[in-house]
>>> print(open('target_27.csv').read())   # CSV, C-alpha atoms
chain,number,residue,atom,x,y,z
A,1,MET,CA,76.1,-58.9,-29.8
A,2,LYS,CA,74.5,-57.0,-32.7
A,3,LYS,CA,70.7,-56.8,-32.7
A,4,LYS,CA,68.8,-58.4,-35.5
A,5,TYR,CA,65.9,-56.6,-37.1
A,6,ILE,CA,63.0,-57.9,-39.0
A,7,LYS,CA,63.6,-57.4,-42.8
A,8,VAL,CA,61.3,-54.7,-44.3
A,9,SER,CA,60.2,-55.6,-47.8
A,10,SER,CA,59.5,-53.1,-50.6
A,11,SER,CA,56.0,-51.8,-51.4
A,12,GLN,CA,54.4,-50.7,-54.6
A,13,ASN,CA,53.5,-47.4,-52.9
A,14,PHE,CA,57.1,-46.5,-52.1
A,15,LYS,CA,58.0,-45.2,-55.6
A,16,TYR,CA,54.8,-43.1,-55.7
A,17,TRP,CA,55.3,-41.7,-52.2
A,18,LYS,CA,58.8,-40.6,-53.1
A,19,GLN,CA,57.5,-38.5,-55.9
A,20,LEU,CA,54.4,-37.2,-54.0
A,21,LEU,CA,56.4,-36.2,-50.8
A,22,LYS,CA,59.6,-35.0,-52.3
A,23,GLY,CA,58.9,-31.5,-51.1
A,24,CYS,CA,58.9,-32.8,-47.5
A,25,ILE,CA,62.4,-34.2,-47.7
A,26,ASN,CA,64.9,-32.4,-45.4
A,27,HIS,CA,62.1,-30.3,-43.8
A,28,PRO,CA,61.0,-30.5,-40.2
A,29,VAL,CA,57.6,-32.1,-41.0
A,30,ALA,CA,55.3,-33.9,-38.5
A,31,PHE,CA,53.8,-37.1,-39.8
A,32,LEU,CA,50.8,-39.1,-38.3
A,33,GLU,CA,50.3,-42.7,-39.3
A,34,ILE,CA,47.1,-44.4,-38.2
A,35,GLY,CA,47.8,-48.2,-38.4
A,36,SER,CA,51.5,-49.2,-38.3
A,37,TYR,CA,51.4,-52.9,-37.9
A,38,GLU,CA,55.1,-54.1,-37.9
A,39,GLY,CA,56.4,-50.7,-39.0
A,40,LYS,CA,57.3,-51.3,-42.7
A,41,SER,CA,55.8,-48.0,-44.0
A,42,ALA,CA,57.0,-46.1,-40.9
A,43,ILE,CA,60.6,-47.1,-41.5
A,44,TRP,CA,60.4,-46.2,-45.2
A,45,PHE,CA,59.0,-42.8,-44.4
A,46,VAL,CA,61.8,-42.1,-41.8
A,47,GLU,CA,64.5,-43.3,-44.2
A,48,ASN,CA,63.3,-41.5,-47.3
A,49,ILE,CA,61.1,-38.6,-46.3
A,50,LEU,CA,61.6,-37.6,-42.7
A,51,THR,CA,65.3,-36.9,-43.2
A,52,HIS,CA,65.4,-33.5,-41.4
A,53,PRO,CA,66.8,-33.9,-37.8
A,54,GLU,CA,63.6,-32.4,-36.4
A,55,ALA,CA,61.2,-34.4,-38.5
A,56,LYS,CA,59.0,-36.7,-36.3
A,57,MET,CA,56.5,-39.5,-36.9
A,58,VAL,CA,53.6,-40.5,-34.5
A,59,CYS,CA,52.4,-44.1,-35.1
A,60,ILE,CA,49.0,-45.2,-33.7
A,61,ASP,CA,48.2,-48.9,-33.5
A,62,PRO,CA,46.5,-51.2,-30.9
A,63,TRP,CA,49.1,-53.9,-32.0
A,64,ASN,CA,48.2,-57.1,-30.2
A,65,LYS,CA,45.0,-55.8,-28.7
A,66,ILE,CA,43.0,-56.3,-31.9
A,67,GLU,CA,39.3,-57.2,-31.2
A,68,ASN,CA,36.4,-57.3,-33.7
A,69,SER,CA,38.5,-55.9,-36.5
A,70,TYR,CA,39.3,-57.0,-40.0
A,71,LEU,CA,42.5,-58.4,-38.5
A,72,GLU,CA,40.7,-60.5,-35.9
A,73,ASN,CA,41.9,-63.8,-37.5
A,74,TYR,CA,45.5,-62.7,-37.8
A,75,GLU,CA,48.2,-63.9,-35.4
A,76,MET,CA,48.9,-60.7,-33.6
A,77,THR,CA,50.9,-61.8,-30.6
A,78,LYS,CA,54.3,-60.8,-32.0
A,79,VAL,CA,53.3,-57.8,-34.1
A,80,LYS,CA,54.1,-55.2,-31.4
A,81,GLU,CA,57.4,-57.0,-30.6
A,82,ASN,CA,58.3,-56.9,-34.2
A,83,PHE,CA,57.4,-53.2,-34.5
A,84,ILE,CA,59.5,-52.3,-31.5
A,85,LYS,CA,62.5,-54.2,-32.9
A,86,ASN,CA,62.0,-52.6,-36.4
A,87,ILE,CA,61.9,-49.0,-35.2
A,88,GLU,CA,64.8,-49.4,-32.7
A,89,PRO,CA,67.3,-47.6,-34.9
A,90,TYR,CA,64.8,-44.7,-35.4
A,91,LYS,CA,63.3,-44.4,-31.9
A,92,ASP,CA,64.5,-40.7,-31.8
A,93,LYS,CA,62.1,-40.0,-34.7
A,94,ILE,CA,59.2,-42.4,-34.2
A,95,ILE,CA,56.7,-41.9,-31.3
A,96,PRO,CA,54.5,-45.0,-31.0
A,97,ILE,CA,51.2,-44.6,-29.2
A,98,GLU,CA,49.5,-47.8,-28.4
A,99,GLY,CA,45.7,-47.8,-28.5
A,100,PHE,CA,42.7,-47.8,-30.8
A,101,SER,CA,42.6,-44.9,-33.2
A,102,PHE,CA,39.3,-43.5,-31.9
A,103,ASP,CA,40.6,-43.1,-28.4
A,104,VAL,CA,44.1,-41.8,-29.4
A,105,LEU,CA,42.7,-39.3,-32.0
A,106,CYS,CA,40.2,-38.0,-29.4
A,107,ALA,CA,43.1,-37.5,-26.9
A,108,LEU,CA,45.2,-35.8,-29.6
A,109,ASN,CA,42.4,-33.4,-30.4
A,110,ALA,CA,42.0,-32.7,-26.7
A,111,ASN,CA,45.7,-32.0,-26.3
A,112,VAL,CA,46.0,-34.8,-23.8
A,113,ILE,CA,48.9,-36.7,-25.3
A,114,ILE,CA,50.8,-34.1,-27.2
A,115,LYS,CA,50.5,-30.3,-26.7
A,116,ASP,CA,48.8,-28.7,-29.7
A,117,PRO,CA,49.5,-31.6,-32.1
A,118,LYS,CA,49.5,-30.6,-35.8
A,119,PHE,CA,50.7,-32.6,-38.7
A,120,ASN,CA,51.9,-31.9,-42.3
A,121,LEU,CA,51.1,-35.5,-43.3
A,122,ILE,CA,48.5,-38.0,-42.2
A,123,TYR,CA,48.4,-41.5,-43.5
A,124,ILE,CA,45.1,-43.4,-42.7
A,125,ASP,CA,45.7,-47.2,-42.9
A,126,GLY,CA,44.1,-48.5,-39.7
A,127,ASP,CA,40.9,-50.6,-39.3
A,128,HIS,CA,39.5,-50.9,-42.9
A,129,ARG,CA,35.9,-51.4,-41.8
A,130,THR,CA,33.6,-48.6,-43.0
A,131,PHE,CA,32.6,-47.0,-39.7
A,132,PRO,CA,36.2,-47.0,-38.2
A,133,VAL,CA,37.5,-45.5,-41.5
A,134,LEU,CA,35.0,-42.7,-41.2
A,135,GLN,CA,35.9,-42.1,-37.6
A,136,ASP,CA,39.6,-41.9,-38.5
A,137,CYS,CA,38.9,-39.4,-41.3
A,138,VAL,CA,36.7,-37.1,-39.1
A,139,LEU,CA,39.0,-37.1,-36.1
A,140,ALA,CA,42.3,-36.8,-38.0
A,141,TRP,CA,41.1,-33.9,-40.2
A,142,PRO,CA,41.4,-31.1,-37.5
A,143,LEU,CA,45.0,-32.3,-36.8
A,144,LEU,CA,46.1,-31.7,-40.4
A,145,LEU,CA,47.8,-28.3,-41.1
A,146,LYS,CA,46.6,-26.2,-44.1
A,147,GLY,CA,48.6,-27.3,-47.1
A,148,GLY,CA,49.1,-30.7,-45.5
A,149,LEU,CA,48.4,-34.0,-47.2
A,150,MET,CA,46.1,-36.8,-46.1
A,151,ILE,CA,46.7,-40.2,-47.7
A,152,PHE,CA,44.0,-42.9,-47.5
A,153,ASP,CA,45.2,-46.4,-48.1
A,154,ASP,CA,43.1,-49.1,-49.9
A,155,TYR,CA,40.6,-46.6,-51.3
A,156,MET,CA,39.8,-49.0,-54.2
A,157,ALA,CA,40.3,-52.2,-52.2
A,158,ALA,CA,36.7,-53.3,-52.1
A,159,THR,CA,35.6,-56.3,-54.1
A,160,PRO,CA,32.1,-57.1,-55.4
A,161,THR,CA,31.7,-59.5,-52.4
A,162,CYS,CA,32.5,-56.8,-49.8
A,163,THR,CA,29.7,-56.1,-47.4
A,164,ILE,CA,28.8,-52.4,-46.7
A,165,ASP,CA,30.5,-52.6,-43.3
A,166,LYS,CA,33.8,-53.4,-44.9
A,167,TYR,CA,34.1,-50.7,-47.6
A,168,PRO,CA,36.7,-48.0,-47.0
A,169,LYS,CA,35.7,-46.1,-50.2
A,170,LEU,CA,32.2,-45.6,-48.9
A,171,ALA,CA,33.5,-44.0,-45.7
A,172,ILE,CA,36.1,-41.8,-47.6
A,173,ASP,CA,33.6,-40.6,-50.2
A,174,ASN,CA,31.1,-39.6,-47.6
A,175,PHE,CA,33.8,-37.8,-45.6
A,176,LEU,CA,34.9,-35.9,-48.7
A,177,GLN,CA,31.4,-34.8,-49.3
A,178,ALA,CA,31.2,-33.5,-45.8
A,179,ILE,CA,34.4,-31.4,-46.2
A,180,SER,CA,33.6,-30.2,-49.7
A,181,GLY,CA,35.5,-27.0,-50.5
A,182,GLN,CA,38.1,-27.6,-47.8
A,183,TYR,CA,40.4,-29.8,-49.8
A,184,GLU,CA,42.0,-30.3,-53.2
A,185,LEU,CA,42.2,-33.7,-54.8
A,186,VAL,CA,45.8,-34.8,-55.5
A,187,LYS,CA,45.3,-38.4,-56.6
A,188,ALA,CA,42.5,-40.9,-56.8
A,189,SER,CA,43.4,-44.5,-57.6
A,190,TYR,CA,44.1,-47.4,-55.2
A,191,GLN,CA,45.2,-44.8,-52.7
A,192,LEU,CA,43.5,-41.4,-52.5
A,193,VAL,CA,45.4,-38.3,-51.6
A,194,ILE,CA,44.0,-34.9,-50.7
A,195,MET,CA,45.5,-31.5,-49.7
A,196,LYS,CA,43.9,-29.3,-47.1
A,197,LYS,CA,43.2,-25.8,-48.3
>>> encode(input="target_27.csv", output="structure tokens")
Amino acid sequence: MKKKYIKVSSSQNFKYWKQLLKGCINHPVAFLEIGSYEGKSAIWFVENILTHPEAKMVCIDPWNKIENSYLENYEMTKVKENFIKNIEPYKDKIIPIEGFSFDVLCALNANVIIKDPKFNLIYIDGDHRTFPVLQDCVLAWPLLLKGGLMIFDDYMAATPTCTIDKYPKLAIDNFLQAISGQYELVKASYQLVIMKK
């Protein structure tokens, strides 16, 4: 019996990503995604960008272990199950690591999970609260290769009613000040993209 997979819908980011990352197509790039949820963006990246046989993607997510997060009111019980079903056809390219990004990124920096992990692309789309975003930025930066791109999702997502603890832009702006001179700005709009010098 043929397996049924969860339908993956399109995203407004896909068209932009295709243009931004066209230089990575058919190259053995390594991609790190922080926050994968059900795998919609991971599948898109594998099908459209990570087309080289040796290209790989590492996906970090706590899946159904969410606590005290901006997703705390979401029904998370089937999220991991849906992610596993969705990536089944691409399990040779996608390496899922279950855990909170702080713990996993610390382990990656310490060479505990993967030996000498370095990435050409890093996509930060995990916990959107201010402090966790700042942690993700700081801990992911040493893992990015020179010339690599870091993409921050929901840079302009804050509304006038957002409290300071739920403001990704505040975290990202402070991180960028801390690494002044180490990056070039590629794009600043709803998503922000930088290149490591």
>>> atom_distance(input="target_27.csv", atom1="atom CA of A:Asn111", atom2="atom CA of A:Val58")
14.2 Å
>>> residues_around(input="target_27.csv", residues="A:Pro168", least_positions_apart="5", cutoff="7 Å", atoms="only C-alpha atoms", output="PyMOL selection string")
chain A and resi 128-130+133+155
>>> atom_distance(input="target_27.csv", atom1="atom CA of A:Thr51", atom2="atom CA of A:Cys137")
26.6 Å
>>> residues_around(input="target_27.csv", residues="A:Ile114", least_positions_apart="4", cutoff="12 Å", atoms="all atoms listed in the file", output="list in words")
Val58, Ile95, Ile97, Val104, Leu105, Cys106, Ala107, Leu108, Asn109, Ala110, Lys118, Phe119 and Leu143 of chain A
>>> atom_distance(input="target_27.csv", atom1="atom CA of A:Ile43", atom2="atom CA of A:Lys85")
11.3 Å
>>> closest_residue(input="target_27.csv", among="A:Ile124, A:Leu176, A:Ala171, A:Ile94", to="A:Ile151", atoms="all atoms listed in the file")
A:Ile124
>>> closest_atom_pairs(input="target_27.csv", of="stretch 130-158 of chain A", to="stretch 178-185 of chain A", cutoff="10 Å", atoms="all atoms listed in the file", output="JSON lines")
{"residue": "A:Val138", "atom": "CA", "partner": "A:Ala178", "partner_atom": "CA", "distance": 9.4}
{"residue": "A:Trp141", "atom": "CA", "partner": "A:Ile179", "partner_atom": "CA", "distance": 9.3}
{"residue": "A:Lys146", "atom": "CA", "partner": "A:Tyr183", "partner_atom": "CA", "distance": 9.2}
{"residue": "A:Gly147", "atom": "CA", "partner": "A:Tyr183", "partner_atom": "CA", "distance": 9.0}
{"residue": "A:Gly148", "atom": "CA", "partner": "A:Tyr183", "partner_atom": "CA", "distance": 9.7}
{"residue": "A:Leu149", "atom": "CA", "partner": "A:Tyr183", "partner_atom": "CA", "distance": 9.4}
{"residue": "A:Met150", "atom": "CA", "partner": "A:Tyr183", "partner_atom": "CA", "distance": 9.8}
>>> closest_residue(input="target_27.csv", among="A:Met195, A:Cys24, A:Leu134, A:Ala42", to="A:Glu88", atoms="all atoms listed in the file")
A:Ala42
>>> closest_residue(input="target_27.csv", among="A:Pro28, A:Ala55, A:Leu21, A:Leu50", to="A:Val186", atoms="all atoms listed in the file")
A:Leu21
>>> residues_around(input="target_27.csv", residues="A:Ser101", least_positions_apart="4", cutoff="9 Å", atoms="all atoms listed in the file", output="mmCIF file with C-alpha atoms, keeping the file's coordinate frame")
data_model
loop_
_atom_site.group_PDB
_atom_site.id
_atom_site.type_symbol
_atom_site.label_atom_id
_atom_site.label_comp_id
_atom_site.auth_asym_id
_atom_site.auth_seq_id
_atom_site.Cartn_x
_atom_site.Cartn_y
_atom_site.Cartn_z
ATOM 1 C CA ILE A 34 47.100 -44.400 -38.200
ATOM 2 C CA GLY A 35 47.800 -48.200 -38.400
ATOM 3 C CA ILE A 60 49.000 -45.200 -33.700
ATOM 4 C CA ASP A 61 48.200 -48.900 -33.500
ATOM 5 C CA PRO A 62 46.500 -51.200 -30.900
ATOM 6 C CA LEU A 105 42.700 -39.300 -32.000
ATOM 7 C CA CYS A 106 40.200 -38.000 -29.400
ATOM 8 C CA GLY A 126 44.100 -48.500 -39.700
ATOM 9 C CA ASP A 127 40.900 -50.600 -39.300
ATOM 10 C CA PRO A 132 36.200 -47.000 -38.200
ATOM 11 C CA GLN A 135 35.900 -42.100 -37.600
ATOM 12 C CA ASP A 136 39.600 -41.900 -38.500
#
>>> closest_residue(input="target_27.csv", among="A:Tyr123, A:Phe83, A:Tyr90, A:Phe102", to="A:Tyr37", atoms="all atoms listed in the file")
A:Phe83
>>> residues_near_point(input="target_27.csv", point="(65.0, -32.4, -36.1)", cutoff="9 Å", atoms="all atoms listed in the file", output="list in words")
His27, Pro28, Val29, Thr51, His52, Pro53, Glu54, Ala55, Lys56 and Lys93 of chain A
>>> write_last_selection(input="target_27.csv", atoms="C-alpha atoms", output="compact mmCIF listing (two decimals), in the frame of the given file")
# COMPACT_ATOMS: atom_id res chain seq x y z
CA HIS A 27 62.10 -30.30 -43.80
CA PRO A 28 61.00 -30.50 -40.20
CA VAL A 29 57.60 -32.10 -41.00
CA THR A 51 65.30 -36.90 -43.20
CA HIS A 52 65.40 -33.50 -41.40
CA PRO A 53 66.80 -33.90 -37.80
CA GLU A 54 63.60 -32.40 -36.40
CA ALA A 55 61.20 -34.40 -38.50
CA LYS A 56 59.00 -36.70 -36.30
CA LYS A 93 62.10 -40.00 -34.70
>>> closest_residue(input="target_27.csv", among="A:Phe152, A:Lys15, A:Glu98, A:Phe45", to="A:Ile113", atoms="only C-alpha atoms")
A:Glu98
>>> closest_residue(input="target_27.csv", among="A:Trp44, A:Tyr167, A:Leu139, A:Ile122", to="A:Asp103", atoms="only C-alpha atoms")
A:Leu139
